[in-house]
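Engineer: Handing you a structure now.
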Amino acid sequence: MDTAAQRDGWLAAIAAAADAAALTAVEARLFGPKGEVVELVRSVTSLPKEQRPAFGKAANLLKQEVEQALAQKRETFAQQAMQQELAAGGFDPTETGARPKRGVLHPITVVQNELVDLFTSLGFRWEDGPEVESEYFNFDALNIPGDHPARESQDTFWLTDKNLLRTHTSPVQVRTLQRAVKQGFQPPLKVIVPGRVFRSETVDKTHEHTFYQMEGLVVDRAHGEHGISVANLIHTMKTCLRVILERDVQVRLRPGFFPFVEPGFELDVNCPFCSGKGCSVCKQSGWIEILPCGMVHPNVLQKGGLDPEEYTGFAFGMGLQRVVMLRYGIDDIRQFTGGDLRFLQQFPEVSR
Amino acid sequence: MKISLRWLSRHVDLTGIEPRQILADLTMSTAEIDGLIRFGDGLEPLVVGHVRKREKHPDADKLSVCEVDLGSAGGVVQIVCGAPNVAAGQRVVVIKPGDTLPASGGKGALKIKVGKIRGVESQGMICSESELGLSEEHDGILVLPADGPNAAPIGARFVDVLPVQDWVFEIDNKSVNHRPDLWGHYGFARELAAIYGRPLQPLPAKVAFPPAAGSNPGIKVDVQVDDKQGCPRYCGLVLDGVQSGPSPHALRWQLAAVGQRAISLPVDLTNYVMLDLGQPMHAFDLRHVGKGPIRVRKAKANETITTLDGQVRKLTDQDLLVCAGDKPEALAGVMGGAGTMVAADTTQLFLESANFHASTIRRTSMRLGLRTDASARFEKAQDPANAEHAVHHFVRLLQQYCPTAKPAGPLVDPLGFHYAPKTISLRRARLLQKLGVRLEDDKVAAILRSLAFDVTVTAAGFDCVVPSFRATKDIAIEDDLIEEVGRMFRYDNIPERPLQGVQAPPVRNEELFLGRRLVEVACLELGASEVYNYSFTPDALLQAVGAFEHAYVQVQNPVAPEQTRIRRHVLPSLLGSVGQNLRAHAEVKLCEHGKGYHAEMRDEHKLPHEVRELAFVWSRRDGAHPFLELREAMASLLERVGRPAVMARVWHGKDQPWVHPTRAVAIDCDGSPVGYVAHLHPGVARALQLPVTTAIACLDVRALLANGRSVARYQPLPTFPQLPVDVALLVDEATQVAQVVEFLRTTGRKLVKDVQLFEVYRGERLPAGKKSLNLTVTLGADDRTLTDEDEGKFLAKVRENAVQIGAELRG
């Protein structure tokens with residue numbers, strides 16, 4: 001059998017294939033139905049029996065050789081193709097794809113959630129109270145009797161049924177105390193109450209009639225000489241502000257008057273915009289008022305059902321919009337209730 | 001309220017302390033300060049000149065040409081002056097060319113140049129008080145004393161000659177609402193004396209008045225107080241020999257520095273005393289009061305008085321009047337009556353220094369919208385002792401400026417004031433308990449004494465006698481004393497300390513956490529954006545959604561007349577947010593988490609029933625209706641919070657007319673309704689100009705909470721591969737998907753692992769009234785791999801039995 005010429009022709013055809021397509025054509029010619037190699041192997045059947053083993057063996061060897069040459073050539077083309085692909089130019093790193101359609105949380109929700117996470121990690125309960133509130137809880141129980149000037153300064157929305165829209169989250173102080181006492185008071189009590197409050201103000205860039213506060217209340221038994229003290233208040237507030245404002249804040253505590261605390265304070269943080277040097281945001285003082293707070297007034301503890309001789313506590317309130325505005329540099333408070341997605345979608349981050 | 005440093009310095013020596021430091025220390029111990037202003041800033045270049053000669057301007061009748069000697073400050077110069085009062089021999093205030101007159105009274109700063117006025121050269125300007133920003137006086141130039149001990153030296157700097165420049169602290173009034181004693185300079189001086197440990201000058205000694213009885217009782221106007229609650233004290237005094245012309249410069253400028261306009265000496269002095277001691281006074285022209293008697297009584301309902309601003313005020317029987325006889329002369333504690341004030345020719349005064357009841361004055365002033373310096377002070381509860389101090393203070397000052405003035409009769413003070421000093425015990429242990437810092441007894445006692453408390457140190461602590469000026473309002477209990485100690489020690493000096501005690505995990509308020517999780521999943525996973533809307537729903541919106549007639553909690557004093565109603569449900573306000581957003585986006589997905597109030601149901605505190613809802617509106621300008629997407633979003637949302645929903649029946653709610661009456665699905669959890677998902681009612685869509693392709697949903701968070709959370713159960717994974725089979729069934733329009741799914745499950749028995757609808761086809765190629773439900777049925781067995789034969793058998797059975805539900809297997 002003289003297959004040498006055939007062999008050389010096949011190998012030459014493989015070697016001559018210019019690209020993968022040409023190689024595929026060669027492969028079809030050799031190994032397809034009625035392919036030349038296939039035919040050669042099959043031709044064993046037409047030989048006398050005694051020649052078949054030798055021919056078969058040689059034909060198979062030849063077939064393997066051709067297959068191998070084919071595979072090698074294919075690999076060469078695959079390598080070439082990959083090199084080409086790797087060397088390809090024309091790639092635009094700024095070309096965009098389809099954006100996933102995604103929603104956003106309201107920025108006040110984001111900040112409120114962060115505060116809730118922070119305070120619950122400090123052992124505070126997250127509580128809530130009604131927005132439509134009674135005069136009793138909003139005022140009387142908070143040491144603000146009928147003719148107290150503080151009532152007027154709060155610009156209350158009164159309702160036709162003699163109730164009101166709560167002017168602060170503080171009514172939840174007495175509500176929570178009363179409920180806790182009813183259930184058999186287990187000190188310490190630590191709660192936060194974020195929520196919506198209302199003051200009858202004309203709305204403009206810096207004033208809103210609907211806004212968001214977070215109340216905090218801590219009450220514990222006075223142990224000997226130690227009860228909840230101003231020292232605890234300072235520590236708790238500093239801890240909280242460090243986390244929210246993401247910096248090592250300096251705070252100062254100065255007198256502030258609120259009927260439901262005694263003594264009462266205003267807590268200021270050093271101005272983030274000028275590092276305390278004085279700028280327009282802090283009105284040149286270097287400080288920003290952020291947190292009214294104080295020691296719970298004995299009358300409030302009493303209204304909550306506790307003996308102020310046995311228990312002491314502190315309370316604080318924080319304007320959530322203020323924190324959000326400070327964080328994101330928002331200068332128009334009306335945006336929060338404007339319902340405009342072009343505003344809301346500017347704050348895609350979720351609570352840290 | 002403005003507080004002047006120069007003024008404070010009359011009561012306490014503040015030398016060596018920078019104004020900024022005072023601001024900082026007052027802030028940390030006493031009150032909030034809004035600002036610090038330099039009064040008379042920029043007046044440094046002005047010098048004293050001597051008018052040597054004055055001649056009429058050759059070309060202008062009203063102008064004078066003056067030869068002014070500026071001494072060492074500039075020699076003799078020629079200045080053209082337009083003031084009518086300029087005259088030779090005067091000492092005047094001159095600004096020279098090259099210097100700048102500071103801005104004042106709305107006029108900008110003025111740079112002075114040598115110029116010609118009607119052809120005559122003028123080397124500077126002789127200034128009036130108004131040009132200096134010291135008063136509104138601009139009838140003529142300011143004339144300084146030319147001789148005597150107070151003569152202004154020629155060439156001297158004006159600001160060195162007269163007390164003009166001052167530092168003025170702007171106090172945030174709100175921060176001293178609870179401190180009646182801080183409504184005048186003396187109170188702030190007392191605070192500073194305590195802060196710096198410097199002595200406070202005592203109030204001036206009392207004046208001796210002519211005796212009430214005896215040979216010559218002088219002029220006396222009797223005082224009769226009918227309403228002793230409304231007027232706890234009334235001091236009246238007649239003064240004679242008064243000159244009622246303008247006040248001297250120093251007094252005028254002192255008042256100007258704190259923003260008080262000068263009027264005439266007697267009136268200026270009442271204002272001065274008020275700004276000093278916090279005690280409002282009123283000086284009546286005696287001619288107006290006549291023989292009296294002065295009567296303090298409640299007004300009659302509908303009685304009127306014309307106040308000195310010319311307004312006729314209609315009164316109620318709650319208002320308090322000061323009358324001469326029965327004729328109203330003043331709205332007590334708020335404003336005097338028209339025509340009662342001192343005139344230029346007034347020589348006899350009736351001076352009122354009274355104490356009025358805080359709430360009475362506040363109510364009147366609030367109701368009439370008439371807030372005055374007097375009402376602002378009385379409503380803080382002034383110390384009745386101050387009423388008498390003020391009279392003595394006034395008389396001393398008056399005599400200083402007008403030596404001819406003298407009390408014409410006795411001080412009439414029918415009620416007097418008998419202060420029974422209150423003693424409050426401050427326990428040492430309590431002080432430590434609340435401040436959290438241990439203070440030495442000496443320190444505590446020194447602080448309290450510096451604030452005029454009389455302190456006795458006892459075994460338990462400190463017995464403190466409260467001075468009358470702190471007793472009307474702010475110091476009532478032990479904790480008030482703790483504040484006094486704390487603020488003077490400075491809260492900033494208290495070392496911080498972490499909370500102590502048991503750290504048990506806080507009790508979870510499940511409702512709040514569930515609400516939060518729902519919103520997070522809705523926004524972060526399902527693509528909704530959270531908005532906040534007001535609780536007030538505009539009437540027009542309620543009318544558009546057909547809910548205007550429902551029972552609402554309503555505001556008495558709304559921000560706008562059409563916004564009285566507090567929402568019952570969250571959805572209508574959320575619908576209100578859609579339109580504006582659809583202008584910018586082809587599709588919007590909004591959600592809102594909030595509360596609604598139902599006026600017709602009340603709790604034990606008579607508060608309206610509260611609901612907490614999570615509302616959704618998904619809307620597209622055009623294209624496919626988003627209802628089914630929202631429906632599946634609700635299913636997915638509720639699975640996320642462990643409360644899988646069943647949505648199998650039409651929702652029939654009563655009080656939510658914005659829901660499509662037939663295309664609404666109830667969302668049930670554990671067999672109870674928790675909400676709905678629906679098409680927006682087409683009528684509401686029309687009224688709000690929203691596309692009909694708007695889907696809505698509402699979840700009642702409390703209803704969801706009432707059903708427990710279900711924890712997922714593990715299912716072993718299938719051992720043998722499953723076989724998905726697509727089935728298309730032609731059914732009547734009325735046939736529900738759930739029926740077909742049930743049919744397929746029944747037909748395939750336990751081989752059917754899952755059935756999912758992937759398409760509902762309606763089209764021309766189908767017979768009328770028919771639809772094709774295209775579903776994927778997943779077949780599987782626990783013990784073998786299914787074959788084509790199993791699929792064939794299943795489909796054959798479906799084909800055979802389809803008639804049971806009036807269906808036909810397609811293809």
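Letters A, B, ... go to the chains of the structure tokens in the order shown; residues in each chain start at 1; ligands are counted from 1 in the same order.
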Let's see if you can do this: from backbone DSSP, list all helix (DSSP H, G or I) residues in segment 659-747 of chain B, as a ChimeraX atom specification.

Structural biologist: /B:682-687,701-706,737-747

Engineer: Just to be explicit: take each residue in the selection above, keep N, CA and C atoms, and write the result as a PDB file, in the first residue's frame.

Structural biologist:
```pdb
ATOM      1  N   PRO B 682     -60.547  54.399  37.740  1.00  0.00           N
ATOM      2  CA  PRO B 682     -60.345  55.232  36.544  1.00  0.00           C
ATOM      3  C   PRO B 682     -60.887  56.652  36.722  1.00  0.00           C
ATOM      4  N   GLY B 683     -61.932  56.803  37.529  1.00  0.00           N
ATOM      5  CA  GLY B 683     -62.475  58.140  37.782  1.00  0.00           C
ATOM      6  C   GLY B 683     -61.460  58.994  38.536  1.00  0.00           C
ATOM      7  N   VAL B 684     -60.779  58.362  39.498  1.00  0.00           N
ATOM      8  CA  VAL B 684     -59.766  59.084  40.282  1.00  0.00           C
ATOM      9  C   VAL B 684     -58.583  59.416  39.382  1.00  0.00           C
ATOM     10  N   ALA B 685     -58.218  58.467  38.521  1.00  0.00           N
ATOM     11  CA  ALA B 685     -57.122  58.713  37.581  1.00  0.00           C
ATOM     12  C   ALA B 685     -57.446  59.938  36.742  1.00  0.00           C
ATOM     13  N   ARG B 686     -58.697  60.014  36.306  1.00  0.00           N
ATOM     14  CA  ARG B 686     -59.109  61.138  35.478  1.00  0.00           C
ATOM     15  C   ARG B 686     -59.061  62.437  36.262  1.00  0.00           C
ATOM     16  N   ALA B 687     -59.610  62.404  37.480  1.00  0.00           N
ATOM     17  CA  ALA B 687     -59.654  63.617  38.300  1.00  0.00           C
ATOM     18  C   ALA B 687     -58.249  64.116  38.620  1.00  0.00           C
ATOM     19  N   VAL B 701     -49.807  47.802  58.511  1.00  0.00           N
ATOM     20  CA  VAL B 701     -48.676  47.192  59.213  1.00  0.00           C
ATOM     21  C   VAL B 701     -49.135  46.499  60.498  1.00  0.00           C
ATOM     22  N   ARG B 702     -50.093  47.119  61.190  1.00  0.00           N
ATOM     23  CA  ARG B 702     -50.541  46.492  62.452  1.00  0.00           C
ATOM     24  C   ARG B 702     -51.304  45.203  62.208  1.00  0.00           C
ATOM     25  N   ALA B 703     -52.068  45.153  61.096  1.00  0.00           N
ATOM     26  CA  ALA B 703     -52.783  43.909  60.767  1.00  0.00           C
ATOM     27  C   ALA B 703     -51.768  42.820  60.431  1.00  0.00           C
ATOM     28  N   LEU B 704     -50.701  43.208  59.725  1.00  0.00           N
ATOM     29  CA  LEU B 704     -49.661  42.240  59.383  1.00  0.00           C
ATOM     30  C   LEU B 704     -49.010  41.680  60.634  1.00  0.00           C
ATOM     31  N   LEU B 705     -48.807  42.585  61.584  1.00  0.00           N
ATOM     32  CA  LEU B 705     -48.130  42.211  62.819  1.00  0.00           C
ATOM     33  C   LEU B 705     -48.972  41.245  63.644  1.00  0.00           C
ATOM     34  N   ALA B 706     -50.303  41.431  63.537  1.00  0.00           N
ATOM     35  CA  ALA B 706     -51.205  40.593  64.329  1.00  0.00           C
ATOM     36  C   ALA B 706     -51.049  39.122  63.944  1.00  0.00           C
ATOM     37  N   VAL B 737     -57.203  31.710  36.997  1.00  0.00           N
ATOM     38  CA  VAL B 737     -55.935  31.007  36.933  1.00  0.00           C
ATOM     39  C   VAL B 737     -55.834  29.955  38.039  1.00  0.00           C
ATOM     40  N   ALA B 738     -56.315  30.349  39.212  1.00  0.00           N
ATOM     41  CA  ALA B 738     -56.224  29.427  40.348  1.00  0.00           C
ATOM     42  C   ALA B 738     -56.965  28.119  40.061  1.00  0.00           C
ATOM     43  N   GLN B 739     -58.110  28.196  39.353  1.00  0.00           N
ATOM     44  CA  GLN B 739     -58.877  26.985  38.996  1.00  0.00           C
ATOM     45  C   GLN B 739     -58.051  26.085  38.101  1.00  0.00           C
ATOM     46  N   VAL B 740     -57.393  26.698  37.130  1.00  0.00           N
ATOM     47  CA  VAL B 740     -56.610  25.933  36.161  1.00  0.00           C
ATOM     48  C   VAL B 740     -55.413  25.279  36.851  1.00  0.00           C
ATOM     49  N   VAL B 741     -54.762  26.040  37.728  1.00  0.00           N
ATOM     50  CA  VAL B 741     -53.614  25.481  38.446  1.00  0.00           C
ATOM     51  C   VAL B 741     -54.079  24.269  39.263  1.00  0.00           C
ATOM     52  N   GLU B 742     -55.196  24.454  39.923  1.00  0.00           N
ATOM     53  CA  GLU B 742     -55.732  23.378  40.750  1.00  0.00           C
ATOM     54  C   GLU B 742     -56.033  22.145  39.879  1.00  0.00           C
ATOM     55  N   PHE B 743     -56.624  22.404  38.704  1.00  0.00           N
ATOM     56  CA  PHE B 743     -56.933  21.316  37.773  1.00  0.00           C
ATOM     57  C   PHE B 743     -55.662  20.569  37.374  1.00  0.00           C
ATOM     58  N   LEU B 744     -54.601  21.311  37.054  1.00  0.00           N
ATOM     59  CA  LEU B 744     -53.355  20.664  36.628  1.00  0.00           C
ATOM     60  C   LEU B 744     -52.748  19.844  37.763  1.00  0.00           C
ATOM     61  N   ARG B 745     -52.825  20.399  38.960  1.00  0.00           N
ATOM     62  CA  ARG B 745     -52.284  19.659  40.112  1.00  0.00           C
ATOM     63  C   ARG B 745     -53.056  18.362  40.334  1.00  0.00           C
ATOM     64  N   THR B 746     -54.372  18.465  40.255  1.00  0.00           N
ATOM     65  CA  THR B 746     -55.205  17.289  40.472  1.00  0.00           C
ATOM     66  C   THR B 746     -54.933  16.253  39.393  1.00  0.00           C
ATOM     67  N   THR B 747     -54.817  16.757  38.161  1.00  0.00           N
ATOM     68  CA  THR B 747     -54.638  15.852  37.038  1.00  0.00           C
ATOM     69  C   THR B 747     -53.298  15.126  37.117  1.00  0.00           C
TER      70      THR B 747
END
```

Engineer: Could you give me, as a list in words, the residues within 9 Å of segment 783-785 of chain B, counting only C-alpha atoms and dropping anything in the same chain fewer than 5 positions from it?

Structural biologist: Thr719, Phe720, Pro721, Gln722 and Leu723 of chain B

Engineer: For atom CA of Gln348 of chain B and atom CA of Asn386 of chain B, quote the distance in Å rounded to one decimal.

Structural biologist: 23.4 Å

Engineer: Rounded to one decimal in Å, what is the spacing between atom CA of His288 of chain B and atom CA of Arg252 of chain B?

Structural biologist: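 Interatomic distance, atom CA of His288 of chain B to atom CA of Arg252 of chain B: 26.2 Å.
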
Engineer: Gln186 of chain A: which residues within 12 Å, counting only C-alpha atoms, same-chain residues fewer than 6 positions away excluded, as a list in words?

Structural biologist: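 Listing them by chain and then by number gives Leu177, Arg179, Ala180, Val219, Asp220, Arg221, Leu306 and Tyr311 of chain A; Gly501, Val502, Ala504, Pro506 and Val507 of chain B.
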
Engineer: Tell me, as an MDAnalysis selection string, which residues lie within 12 Å of Asn143 of chain A, counting only C-alpha atoms; anything in the same chain fewer than 2 positions away does not count.

Structural biologist: chainID A and resid 135:141 145:151 170:171 174 258:262 296:304

Engineer: My list of candidates is B:Thr423, B:Thr472, B:Gln715, B:Ser264. Which is closest to His357 of chain B when distances are computed with only C-alpha atoms?

Structural biologist: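 Under the stated criterion, the closest residue is B:Thr472.
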
Engineer: Could you check the closest approach to chain B for each of A:Gly103, A:Gly317, A:Pro130, A:Gly9 and tell me which residue wins, using only C-alpha atoms?

Structural biologist: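 Ranked by minimum distance to chain B, first place goes to A:Gly103.
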
Engineer: Can you pull out the residues contacting His585 of chain B? Cut-off 12 Å, using only C-alpha atoms, and skip same-chain residues under 6 positions away; I want them as an MDAnalysis selection string.

Structural biologist: (chainID A and resid 340:342) or (chainID B and resid 578:579 618:622)

Engineer: Let's see if you can do this: from backbone DSSP, list all strand (DSSP E) residues in segment 539-690 of chain B, as a PyMOL selection string.

Structural biologist: chain B and resi 553-554+565-566+587-602+608-620+646-650+659-669+672-680

Engineer: Would you mind telling me which residue in B:Glu496, B:Asp226, B:Glu170, B:Glu131 lies nearest to Lys238 of chain A when using only C-alpha atoms?

Structural biologist: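 The shortest atom-to-atom distance to Lys238 of chain A comes from B:Glu496.
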
Engineer: For the atom pair atom CA of Phe536 of chain B and atom CA of Val559 of chain B, what is the interatomic distance in Å to one decimal place?

Structural biologist: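 Spanning atom CA of Phe536 of chain B to atom CA of Val559 of chain B is a straight-line distance of 9.3 Å.
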
Engineer: Using only C-alpha atoms and a distance of at most 6 Å, pull out the residues of chain A that contact chain B, as an NGL selection string.

Structural biologist: :A and (102-106 or 123-125 or 158-160 or 225-227 or 229-232 or 234-235 or 253-254 or 263 or 337 or 339)

Engineer: With C-alpha atoms retained, could you export that selection as a PDB file, in the first residue's frame?

Structural biologist:
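Heads up, here's the output in result_25.pdb:
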```pdb
ATOM      1  CA  ARG A 102     -33.573  50.942  41.718  1.00  0.00           C
ATOM      2  CA  GLY A 103     -35.447  52.723  44.441  1.00  0.00           C
ATOM      3  CA  VAL A 104     -34.228  54.920  47.269  1.00  0.00           C
ATOM      4  CA  LEU A 105     -34.992  55.374  50.917  1.00  0.00           C
ATOM      5  CA  HIS A 106     -35.895  58.863  52.014  1.00  0.00           C
ATOM      6  CA  GLY A 123     -29.405  49.083  74.779  1.00  0.00           C
ATOM      7  CA  PHE A 124     -32.076  51.671  73.958  1.00  0.00           C
ATOM      8  CA  ARG A 125     -35.586  50.619  73.007  1.00  0.00           C
ATOM      9  CA  TRP A 158     -54.880  72.696  67.593  1.00  0.00           C
ATOM     10  CA  LEU A 159     -57.522  70.278  66.436  1.00  0.00           C
ATOM     11  CA  THR A 160     -61.256  70.836  66.453  1.00  0.00           C
ATOM     12  CA  GLU A 225     -24.964  58.990  95.612  1.00  0.00           C
ATOM     13  CA  HIS A 226     -25.109  57.953  91.977  1.00  0.00           C
ATOM     14  CA  GLY A 227     -28.074  58.373  89.737  1.00  0.00           C
ATOM     15  CA  SER A 229     -26.333  62.442  86.019  1.00  0.00           C
ATOM     16  CA  VAL A 230     -25.178  65.205  83.727  1.00  0.00           C
ATOM     17  CA  ALA A 231     -21.901  63.269  83.473  1.00  0.00           C
ATOM     18  CA  ASN A 232     -23.775  60.342  81.868  1.00  0.00           C
ATOM     19  CA  ILE A 234     -22.450  64.189  78.285  1.00  0.00           C
ATOM     20  CA  HIS A 235     -20.896  60.801  77.630  1.00  0.00           C
ATOM     21  CA  LEU A 253     -22.987  72.055  77.123  1.00  0.00           C
ATOM     22  CA  ARG A 254     -24.546  75.345  78.051  1.00  0.00           C
ATOM     23  CA  PRO A 263     -31.374  71.706  84.566  1.00  0.00           C
ATOM     24  CA  THR A 337     -41.741  66.732  51.774  1.00  0.00           C
ATOM     25  CA  GLY A 339     -41.938  64.158  46.908  1.00  0.00           C
TER      26      GLY A 339
END
```
